[in-house]
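**Q** File follows, final.pdb with PDB, C-alpha atoms:
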```
MODEL        1
ATOM      1  CA  MET A   1     -18.970 -64.280  53.931  1.00  0.00           C
ATOM      2  CA  LEU A   2     -19.077 -62.579  57.306  1.00  0.00           C
ATOM      3  CA  SER A   3     -19.960 -64.008  60.700  1.00  0.00           C
ATOM      4  CA  VAL A   4     -20.367 -62.453  64.135  1.00  0.00           C
ATOM      5  CA  LYS A   5     -20.029 -64.231  67.481  1.00  0.00           C
ATOM      6  CA  ASN A   6     -19.579 -63.485  71.177  1.00  0.00           C
ATOM      7  CA  THR A   7     -21.411 -60.169  71.287  1.00  0.00           C
ATOM      8  CA  SER A   8     -21.252 -58.208  74.537  1.00  0.00           C
ATOM      9  CA  VAL A   9     -22.932 -54.839  75.186  1.00  0.00           C
ATOM     10  CA  MET A  10     -21.541 -52.977  78.169  1.00  0.00           C
ATOM     11  CA  ASN A  11     -21.837 -49.793  80.219  1.00  0.00           C
ATOM     12  CA  MET A  12     -25.413 -48.872  79.314  1.00  0.00           C
ATOM     13  CA  GLU A  13     -26.314 -48.092  82.933  1.00  0.00           C
ATOM     14  CA  ASN A  14     -23.465 -45.613  83.315  1.00  0.00           C
ATOM     15  CA  ALA A  15     -24.177 -44.056  79.916  1.00  0.00           C
ATOM     16  CA  ILE A  16     -27.838 -43.418  80.790  1.00  0.00           C
ATOM     17  CA  ARG A  17     -26.904 -41.961  84.158  1.00  0.00           C
ATOM     18  CA  GLY A  18     -24.467 -39.628  82.407  1.00  0.00           C
ATOM     19  CA  ALA A  19     -27.167 -38.572  79.961  1.00  0.00           C
ATOM     20  CA  ARG A  20     -29.054 -37.104  82.920  1.00  0.00           C
ATOM     21  CA  ASN A  21     -26.100 -35.078  84.215  1.00  0.00           C
ATOM     22  CA  PRO A  22     -26.814 -31.880  82.209  1.00  0.00           C
ATOM     23  CA  MET A  23     -30.255 -31.422  83.822  1.00  0.00           C
ATOM     24  CA  ASN A  24     -29.473 -33.065  87.196  1.00  0.00           C
ATOM     25  CA  SER A  25     -32.443 -35.356  86.559  1.00  0.00           C
ATOM     26  CA  TRP A  26     -31.095 -38.536  88.138  1.00  0.00           C
ATOM     27  CA  ALA A  27     -34.204 -38.848  90.338  1.00  0.00           C
ATOM     28  CA  ARG A  28     -36.197 -39.669  87.200  1.00  0.00           C
ATOM     29  CA  MET A  29     -34.091 -42.742  86.397  1.00  0.00           C
ATOM     30  CA  ASP A  30     -36.312 -45.810  86.194  1.00  0.00           C
ATOM     31  CA  SER A  31     -34.137 -48.449  84.499  1.00  0.00           C
ATOM     32  CA  TYR A  32     -33.321 -51.738  86.201  1.00  0.00           C
ATOM     33  CA  TYR A  33     -31.715 -55.162  85.857  1.00  0.00           C
ATOM     34  CA  ASN A  34     -34.042 -58.066  85.156  1.00  0.00           C
ATOM     35  CA  GLU A  35     -33.652 -61.618  86.464  1.00  0.00           C
ATOM     36  CA  ALA A  36     -31.256 -62.449  83.595  1.00  0.00           C
ATOM     37  CA  HIS A  37     -29.112 -59.478  84.714  1.00  0.00           C
ATOM     38  CA  GLU A  38     -29.940 -57.598  81.517  1.00  0.00           C
ATOM     39  CA  TYR A  39     -30.227 -53.833  81.805  1.00  0.00           C
ATOM     40  CA  VAL A  40     -33.762 -52.737  80.927  1.00  0.00           C
ATOM     41  CA  LEU A  41     -34.471 -49.104  80.110  1.00  0.00           C
ATOM     42  CA  GLY A  42     -37.485 -47.736  81.996  1.00  0.00           C
ATOM     43  CA  GLU A  43     -39.998 -45.533  80.217  1.00  0.00           C
ATOM     44  CA  ASN A  44     -38.478 -42.267  81.506  1.00  0.00           C
ATOM     45  CA  ASP A  45     -34.937 -43.213  80.527  1.00  0.00           C
ATOM     46  CA  LEU A  46     -35.972 -44.622  77.163  1.00  0.00           C
ATOM     47  CA  GLN A  47     -37.883 -41.497  76.185  1.00  0.00           C
ATOM     48  CA  LEU A  48     -34.941 -39.291  77.183  1.00  0.00           C
ATOM     49  CA  ALA A  49     -32.528 -41.495  75.220  1.00  0.00           C
ATOM     50  CA  LYS A  50     -34.730 -41.369  72.108  1.00  0.00           C
ATOM     51  CA  ARG A  51     -35.073 -37.582  72.276  1.00  0.00           C
ATOM     52  CA  LEU A  52     -31.332 -37.059  72.661  1.00  0.00           C
ATOM     53  CA  CYS A  53     -30.486 -39.467  69.843  1.00  0.00           C
ATOM     54  CA  LYS A  54     -32.845 -37.831  67.389  1.00  0.00           C
ATOM     55  CA  ALA A  55     -31.611 -34.341  68.317  1.00  0.00           C
ATOM     56  CA  GLY A  56     -28.205 -34.956  66.714  1.00  0.00           C
ATOM     57  CA  SER A  57     -24.684 -36.138  67.495  1.00  0.00           C
ATOM     58  CA  ASP A  58     -23.935 -33.218  69.852  1.00  0.00           C
ATOM     59  CA  HIS A  59     -26.862 -34.227  72.067  1.00  0.00           C
ATOM     60  CA  ARG A  60     -26.412 -38.000  72.021  1.00  0.00           C
ATOM     61  CA  LYS A  61     -22.886 -38.079  73.421  1.00  0.00           C
ATOM     62  CA  PHE A  62     -24.036 -40.692  75.933  1.00  0.00           C
ATOM     63  CA  ILE A  63     -24.210 -43.443  73.281  1.00  0.00           C
ATOM     64  CA  ARG A  64     -20.452 -43.103  72.776  1.00  0.00           C
ATOM     65  CA  GLN A  65     -20.232 -44.655  76.247  1.00  0.00           C
ATOM     66  CA  ILE A  66     -22.277 -47.740  75.319  1.00  0.00           C
ATOM     67  CA  LEU A  67     -19.617 -50.248  74.313  1.00  0.00           C
ATOM     68  CA  VAL A  68     -19.863 -53.348  72.144  1.00  0.00           C
ATOM     69  CA  SER A  69     -17.375 -56.194  71.849  1.00  0.00           C
ATOM     70  CA  VAL A  70     -17.791 -58.788  69.106  1.00  0.00           C
ATOM     71  CA  ASP A  71     -15.807 -61.412  67.190  1.00  0.00           C
ATOM     72  CA  ILE A  72     -16.060 -60.810  63.438  1.00  0.00           C
ATOM     73  CA  THR A  73     -14.741 -63.221  60.816  1.00  0.00           C
ATOM     74  CA  ALA A  74     -14.587 -61.667  57.355  1.00  0.00           C
ATOM     75  CA  PRO A  75     -12.419 -61.599  54.221  1.00  0.00           C
ATOM     76  CA  LEU A  76      -9.479 -59.235  53.931  1.00  0.00           C
ATOM     77  CA  TYR A  77     -11.227 -57.271  51.182  1.00  0.00           C
ATOM     78  CA  TRP A  78     -13.994 -56.413  53.680  1.00  0.00           C
ATOM     79  CA  TRP A  79     -11.579 -55.570  56.483  1.00  0.00           C
ATOM     80  CA  LYS A  80      -9.941 -52.976  54.214  1.00  0.00           C
ATOM     81  CA  GLU A  81     -13.259 -51.139  54.099  1.00  0.00           C
ATOM     82  CA  TYR A  82     -13.976 -51.625  57.794  1.00  0.00           C
ATOM     83  CA  ASP A  83     -10.644 -49.976  58.617  1.00  0.00           C
ATOM     84  CA  THR A  84     -12.221 -46.697  57.504  1.00  0.00           C
ATOM     85  CA  TYR A  85     -13.771 -46.626  60.983  1.00  0.00           C
ATOM     86  CA  LYS A  86     -10.690 -45.893  63.064  1.00  0.00           C
ATOM     87  CA  VAL A  87     -12.428 -43.516  65.502  1.00  0.00           C
ATOM     88  CA  ALA A  88     -13.459 -45.185  68.779  1.00  0.00           C
ATOM     89  CA  THR A  89     -12.656 -48.704  67.571  1.00  0.00           C
ATOM     90  CA  VAL A  90     -10.099 -51.257  68.730  1.00  0.00           C
ATOM     91  CA  ALA A  91      -9.404 -54.670  67.188  1.00  0.00           C
ATOM     92  CA  ASN A  92      -7.113 -57.622  67.822  1.00  0.00           C
ATOM     93  CA  SER A  93      -6.782 -59.948  64.847  1.00  0.00           C
ATOM     94  CA  THR A  94      -5.439 -63.377  64.147  1.00  0.00           C
ATOM     95  CA  SER A  95      -1.978 -63.014  62.624  1.00  0.00           C
ATOM     96  CA  THR A  96      -1.202 -63.924  59.027  1.00  0.00           C
ATOM     97  CA  MET A  97       2.444 -63.000  59.654  1.00  0.00           C
ATOM     98  CA  HIS A  98       2.903 -65.552  62.440  1.00  0.00           C
ATOM     99  CA  LYS A  99       0.276 -68.220  61.799  1.00  0.00           C
ATOM    100  CA  ILE A 100      -0.327 -68.384  58.036  1.00  0.00           C
ATOM    101  CA  HIS A 101       1.617 -71.659  57.862  1.00  0.00           C
ATOM    102  CA  SER A 102       0.155 -73.279  60.995  1.00  0.00           C
ATOM    103  CA  LYS A 103      -2.627 -75.293  59.318  1.00  0.00           C
ATOM    104  CA  PRO A 104      -3.373 -76.743  55.886  1.00  0.00           C
ATOM    105  CA  PHE A 105      -5.195 -74.432  53.473  1.00  0.00           C
ATOM    106  CA  GLU A 106      -8.846 -75.332  52.849  1.00  0.00           C
ATOM    107  CA  LEU A 107     -11.511 -73.793  50.646  1.00  0.00           C
ATOM    108  CA  ASP A 108     -13.458 -72.562  53.674  1.00  0.00           C
ATOM    109  CA  ASP A 109     -10.462 -70.500  54.822  1.00  0.00           C
ATOM    110  CA  PHE A 110     -11.591 -68.115  52.076  1.00  0.00           C
ATOM    111  CA  SER A 111     -14.849 -66.363  51.214  1.00  0.00           C
ATOM    112  CA  HIS A 112     -16.202 -68.112  48.129  1.00  0.00           C
ATOM    113  CA  ASP A 113     -19.966 -67.848  48.645  1.00  0.00           C
ATOM    114  CA  HIS A 114     -20.458 -65.557  45.639  1.00  0.00           C
ATOM    115  CA  MET A 115     -18.012 -67.209  43.240  1.00  0.00           C
ATOM    116  CA  THR A 116     -19.228 -68.841  40.066  1.00  0.00           C
ATOM    117  CA  GLU A 117     -18.661 -72.588  39.925  1.00  0.00           C
ATOM    118  CA  GLU A 118     -16.091 -72.121  37.179  1.00  0.00           C
ATOM    119  CA  SER A 119     -14.071 -69.696  39.280  1.00  0.00           C
ATOM    120  CA  LYS A 120     -14.407 -71.896  42.339  1.00  0.00           C
ATOM    121  CA  GLU A 121     -12.868 -74.832  40.475  1.00  0.00           C
ATOM    122  CA  LYS A 122      -9.933 -72.668  39.392  1.00  0.00           C
ATOM    123  CA  PHE A 123      -9.598 -71.399  42.943  1.00  0.00           C
ATOM    124  CA  ARG A 124      -9.353 -74.921  44.338  1.00  0.00           C
ATOM    125  CA  VAL A 125      -6.332 -75.501  42.092  1.00  0.00           C
ATOM    126  CA  PHE A 126      -4.741 -72.329  43.435  1.00  0.00           C
ATOM    127  CA  ILE A 127      -5.406 -73.381  47.039  1.00  0.00           C
ATOM    128  CA  ASP A 128      -3.712 -76.712  46.344  1.00  0.00           C
ATOM    129  CA  TYR A 129      -0.686 -74.804  45.072  1.00  0.00           C
ATOM    130  CA  MET A 130      -0.683 -72.622  48.194  1.00  0.00           C
ATOM    131  CA  GLU A 131      -0.735 -75.765  50.279  1.00  0.00           C
ATOM    132  CA  THR A 132       2.355 -77.164  48.530  1.00  0.00           C
ATOM    133  CA  ILE A 133       4.173 -73.887  49.259  1.00  0.00           C
ATOM    134  CA  ARG A 134       3.062 -74.048  52.892  1.00  0.00           C
ATOM    135  CA  GLN A 135       4.386 -77.569  53.236  1.00  0.00           C
ATOM    136  CA  LYS A 136       7.734 -76.528  51.728  1.00  0.00           C
ATOM    137  CA  PHE A 137       8.041 -73.728  54.254  1.00  0.00           C
ATOM    138  CA  VAL A 138       7.159 -76.039  57.160  1.00  0.00           C
ATOM    139  CA  GLU A 139       9.754 -78.562  55.970  1.00  0.00           C
ATOM    140  CA  THR A 140      12.584 -76.136  55.184  1.00  0.00           C
ATOM    141  CA  ASN A 141      11.826 -72.960  57.151  1.00  0.00           C
ATOM    142  CA  ASP A 142      13.015 -71.134  54.035  1.00  0.00           C
ATOM    143  CA  LYS A 143      11.719 -67.569  54.297  1.00  0.00           C
ATOM    144  CA  ALA A 144      11.351 -67.365  50.520  1.00  0.00           C
ATOM    145  CA  TYR A 145       8.433 -69.800  50.763  1.00  0.00           C
ATOM    146  CA  TRP A 146       6.931 -67.760  53.596  1.00  0.00           C
ATOM    147  CA  TYR A 147       7.052 -64.677  51.368  1.00  0.00           C
ATOM    148  CA  ASP A 148       5.323 -66.687  48.651  1.00  0.00           C
ATOM    149  CA  LEU A 149       2.469 -67.386  51.064  1.00  0.00           C
ATOM    150  CA  ILE A 150       2.173 -63.776  52.171  1.00  0.00           C
ATOM    151  CA  GLN A 151       2.339 -62.267  48.701  1.00  0.00           C
ATOM    152  CA  LEU A 152       0.091 -64.857  47.046  1.00  0.00           C
ATOM    153  CA  LEU A 153      -2.557 -64.720  49.769  1.00  0.00           C
ATOM    154  CA  PRO A 154      -5.876 -63.658  48.165  1.00  0.00           C
ATOM    155  CA  SER A 155      -7.969 -60.848  49.614  1.00  0.00           C
ATOM    156  CA  SER A 156     -10.758 -63.414  50.073  1.00  0.00           C
ATOM    157  CA  TYR A 157      -8.795 -64.939  52.971  1.00  0.00           C
ATOM    158  CA  ASN A 158     -10.953 -64.884  56.120  1.00  0.00           C
ATOM    159  CA  GLN A 159      -9.557 -63.210  59.211  1.00  0.00           C
ATOM    160  CA  LEU A 160     -10.961 -63.179  62.744  1.00  0.00           C
ATOM    161  CA  ARG A 161     -10.836 -59.958  64.748  1.00  0.00           C
ATOM    162  CA  THR A 162     -12.187 -59.205  68.203  1.00  0.00           C
ATOM    163  CA  CYS A 163     -13.561 -55.685  67.822  1.00  0.00           C
ATOM    164  CA  THR A 164     -14.630 -53.100  70.366  1.00  0.00           C
ATOM    165  CA  MET A 165     -16.660 -50.062  69.337  1.00  0.00           C
ATOM    166  CA  ASN A 166     -19.470 -47.861  70.629  1.00  0.00           C
ATOM    167  CA  TYR A 167     -23.047 -47.177  69.608  1.00  0.00           C
ATOM    168  CA  GLU A 168     -22.164 -43.876  67.904  1.00  0.00           C
ATOM    169  CA  THR A 169     -19.697 -45.670  65.640  1.00  0.00           C
ATOM    170  CA  LEU A 170     -22.425 -48.197  64.847  1.00  0.00           C
ATOM    171  CA  VAL A 171     -24.787 -45.333  63.912  1.00  0.00           C
ATOM    172  CA  ASN A 172     -22.195 -44.180  61.365  1.00  0.00           C
ATOM    173  CA  ILE A 173     -21.573 -47.691  60.048  1.00  0.00           C
ATOM    174  CA  TYR A 174     -25.257 -48.508  59.694  1.00  0.00           C
ATOM    175  CA  ARG A 175     -26.134 -45.316  57.839  1.00  0.00           C
ATOM    176  CA  ALA A 176     -23.156 -45.503  55.489  1.00  0.00           C
ATOM    177  CA  ARG A 177     -23.220 -49.221  54.710  1.00  0.00           C
ATOM    178  CA  LYS A 178     -26.773 -50.565  54.960  1.00  0.00           C
ATOM    179  CA  ASN A 179     -27.230 -50.350  51.178  1.00  0.00           C
ATOM    180  CA  HIS A 180     -23.662 -51.253  50.190  1.00  0.00           C
ATOM    181  CA  LYS A 181     -23.131 -53.661  47.312  1.00  0.00           C
ATOM    182  CA  LEU A 182     -20.964 -55.975  49.429  1.00  0.00           C
ATOM    183  CA  LYS A 183     -23.235 -58.531  51.075  1.00  0.00           C
ATOM    184  CA  GLU A 184     -20.910 -58.674  54.080  1.00  0.00           C
ATOM    185  CA  TRP A 185     -22.054 -55.179  55.067  1.00  0.00           C
ATOM    186  CA  HIS A 186     -25.678 -56.311  54.946  1.00  0.00           C
ATOM    187  CA  THR A 187     -24.836 -59.140  57.341  1.00  0.00           C
ATOM    188  CA  LEU A 188     -23.163 -56.720  59.741  1.00  0.00           C
ATOM    189  CA  CYS A 189     -26.074 -54.270  59.526  1.00  0.00           C
ATOM    190  CA  ASP A 190     -28.507 -57.111  60.256  1.00  0.00           C
ATOM    191  CA  TRP A 191     -26.438 -57.894  63.367  1.00  0.00           C
ATOM    192  CA  ILE A 192     -26.490 -54.215  64.414  1.00  0.00           C
ATOM    193  CA  LYS A 193     -30.306 -54.315  64.348  1.00  0.00           C
ATOM    194  CA  THR A 194     -30.267 -57.136  66.940  1.00  0.00           C
ATOM    195  CA  LEU A 195     -28.376 -55.106  69.571  1.00  0.00           C
ATOM    196  CA  PRO A 196     -30.259 -53.856  72.656  1.00  0.00           C
ATOM    197  CA  TYR A 197     -32.430 -50.852  71.803  1.00  0.00           C
ATOM    198  CA  ALA A 198     -30.923 -50.655  68.321  1.00  0.00           C
ATOM    199  CA  SER A 199     -34.065 -49.158  66.778  1.00  0.00           C
ATOM    200  CA  ASP A 200     -34.058 -46.372  69.379  1.00  0.00           C
ATOM    201  CA  LEU A 201     -30.319 -45.689  69.745  1.00  0.00           C
ATOM    202  CA  ILE A 202     -28.708 -46.745  66.429  1.00  0.00           C
ATOM    203  CA  THR A 203     -31.013 -47.143  63.429  1.00  0.00           C
ATOM    204  CA  PHE A 204     -33.337 -44.224  64.246  1.00  0.00           C
ATOM    205  CA  THR A 205     -34.010 -41.273  61.919  1.00  0.00           C
ATOM    206  CA  GLU A 206     -32.773 -37.906  63.158  1.00  0.00           C
ATOM    207  CA  ASN A 207     -35.049 -34.902  63.425  1.00  0.00           C
ATOM    208  CA  ALA A 208     -34.701 -32.472  60.521  1.00  0.00           C
ATOM    209  CA  GLU A 209     -32.303 -29.704  61.465  1.00  0.00           C
TER     210      GLU A 209
ENDMDL
END
```
Take the structure in the file and give it back as structure tokens.
**A**
Amino acid sequence: MLSVKNTSVMNMENAIRGARNPMNSWARMDSYYNEAHEYVLGENDLQLAKRLCKAGSDHRKFIRQILVSVDITAPLYWWKEYDTYKVATVANSTSTMHKIHSKPFELDDFSHDHMTEESKEKFRVFIDYMETIRQKFVETNDKAYWYDLIQLLPSSYNQLRTCTMNYETLVNIYRARKNHKLKEWHTLCDWIKTLPYASDLITFTENAE
């Protein structure tokens, strides 16, 4: 499973203004804030943005300045793939090192949405065992039990990270992962498509070069 919450898109106004710097065309800016204080691209700015995006990465530098912050909860096996995208990303995660023992283990602490029922039953037994180890560590503070928890922890364990990235990184993610066999990537790509002007600035098709 993968879930996204608390999405914020920032700095679009400054990015669009910067996109006009090469041609000194600031007088043609026609974007504005609506009553909900959302930044709305005017027709002039939108057409410029679309042309630059389709012209290639060298021309669309301005979307690197459109920033996105989001809380993503996903299993460790997905985070290992996400960590491919180290350029222009920052993330703060919940800590397994410090907090793995802080609450009882439950089935929903893990991604199990694609498990067979037979495997899920076996997994419940394993979670119960993990819980007995957790309780022993809480009672004794014996680091050997803590190591048991860390080294037995399945890659299906769900971790929350607050991530910051830019629209250019999202272009790369969307193109590389939209047809991936992991369903978690499909969920993230569906979220990408909901971002402001995603069809124009992220999921577009480049001009043939």
**Q** To one decimal in Å, tell me the separation between atom CA of A:Ser95 and atom CA of A:Lys120.
**A** 25.4 Å
**Q** So that I can check the surroundings of A:Leu201, please list as JSON, numbers by chain every protein, DNA and RNA residue that reaches within 7 Å of it, counting all atoms listed in the file and ignoring chain neighbours fewer than 3 positions away.
**A** {"A": [50, 53, 197, 198, 204]}
**Q** Output the residue selection produced by the PyMOL selection byres ((chain A and resi 72) around 10) on the file above, formatted as a short mmCIF file (atom, residue, chain, number, x, y, z; two decimals) with C-alpha atoms, keeping the file's coordinate frame.
**A**
```cif
data_model
loop_
_atom_site.label_atom_id
_atom_site.label_comp_id
_atom_site.auth_asym_id
_atom_site.auth_seq_id
_atom_site.Cartn_x
_atom_site.Cartn_y
_atom_site.Cartn_z
CA LEU A 2 -19.08 -62.58 57.31
CA SER A 3 -19.96 -64.01 60.70
CA VAL A 4 -20.37 -62.45 64.14
CA LYS A 5 -20.03 -64.23 67.48
CA ASN A 6 -19.58 -63.48 71.18
CA THR A 7 -21.41 -60.17 71.29
CA SER A 69 -17.38 -56.19 71.85
CA VAL A 70 -17.79 -58.79 69.11
CA ASP A 71 -15.81 -61.41 67.19
CA THR A 73 -14.74 -63.22 60.82
CA ALA A 74 -14.59 -61.67 57.36
CA PRO A 75 -12.42 -61.60 54.22
CA TRP A 79 -11.58 -55.57 56.48
CA ALA A 91 -9.40 -54.67 67.19
CA SER A 93 -6.78 -59.95 64.85
CA ASN A 158 -10.95 -64.88 56.12
CA GLN A 159 -9.56 -63.21 59.21
CA LEU A 160 -10.96 -63.18 62.74
CA ARG A 161 -10.84 -59.96 64.75
CA THR A 162 -12.19 -59.20 68.20
CA CYS A 163 -13.56 -55.68 67.82
CA LEU A 188 -23.16 -56.72 59.74
#
```
**Q** Kindly provide, as a PyMOL selection string, the polymer residues lying within 8 Å of (-16.4, -54.2, 53.2), counting only C-alpha atoms and using the coordinates exactly as they appear in the file.
**A** chain A and resi 77-82+182+184-185
**Q** For the provided coordinates, the residues matched by the PyMOL selection byres ((chain A and resi 51) around 12) should be stated as number ranges by chain.
**A** A: 19, 44-50, 52-57, 59-60, 200-201, 204-207
**Q** Using only C-alpha atoms, can you tell me which of A:Met130, A:Ala88, A:Leu67, A:Ile173 comes closest to A:Leu107?
**A**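 With only C-alpha atoms as the atom set, the closest residue is A:Met130.
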**Q** Tell me which residues the PyMOL selection byres ((chain A and resi 149) around 10) grabs here, as a list in words.
**A**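 So the PyMOL selection byres ((chain A and resi 149) around 10), applied here, picks out Thr96, Met97, Ile100, His101, Met130, Glu131, Ile133, Arg134, Phe137, Lys143, Ala144, Tyr145, Trp146, Tyr147, Asp148, Ile150, Gln151, Leu152, Leu153 and Pro154 of chain A.
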**Q** Could you jot down the atom CA of A:Glu43 to atom CA of A:Val171 separation for me, Å, one decimal place?
**A**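 Atom CA of A:Val171 lies at a distance of 22.3 Å from atom CA of A:Glu43.
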**Q** How many Å separate atom CA of A:Asn92 from atom CA of A:Leu170?
**A** 18.2 Å
**Q** Rank A:Val138, A:Pro104, A:Ile16, A:Ser155 by their smallest atom-to-atom distance to A:Leu41, using all atoms listed in the file, and report the top residue only.
**A**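 Among A:Val138, A:Pro104, A:Ile16, A:Ser155, it is A:Ile16 that comes nearest to A:Leu41.
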**Q** Measuring between all atoms listed in the file, which one of A:Glu13, A:Glu38, A:Glu168, A:Asp108 shows the shortest distance to A:Ser156?
**A** A:Asp108
**Q** Nearest residue to A:Phe123 out of A:Glu139, A:Asp190, A:Asp58, A:Glu106, using all atoms listed in the file?
**A** A:Glu106
**Q** Looking at all atoms listed in the file, which of A:Ile192, A:Met165, A:Leu76, A:Val125 is the one that sits closest to A:Met1?
**A** A:Leu76
**Q** Which of these, A:Lys178, A:Ser8, A:Tyr157, A:Arg124, has the shortest distance to A:Phe110 once you count only C-alpha atoms?
**A** A:Tyr157
**Q** As a ChimeraX atom specification, please: the residues near A:Ile66 (cut-off 8 Å, only C-alpha atoms, same-chain neighbours under 5 positions excluded).
**A** /A:9-12,15,166-167
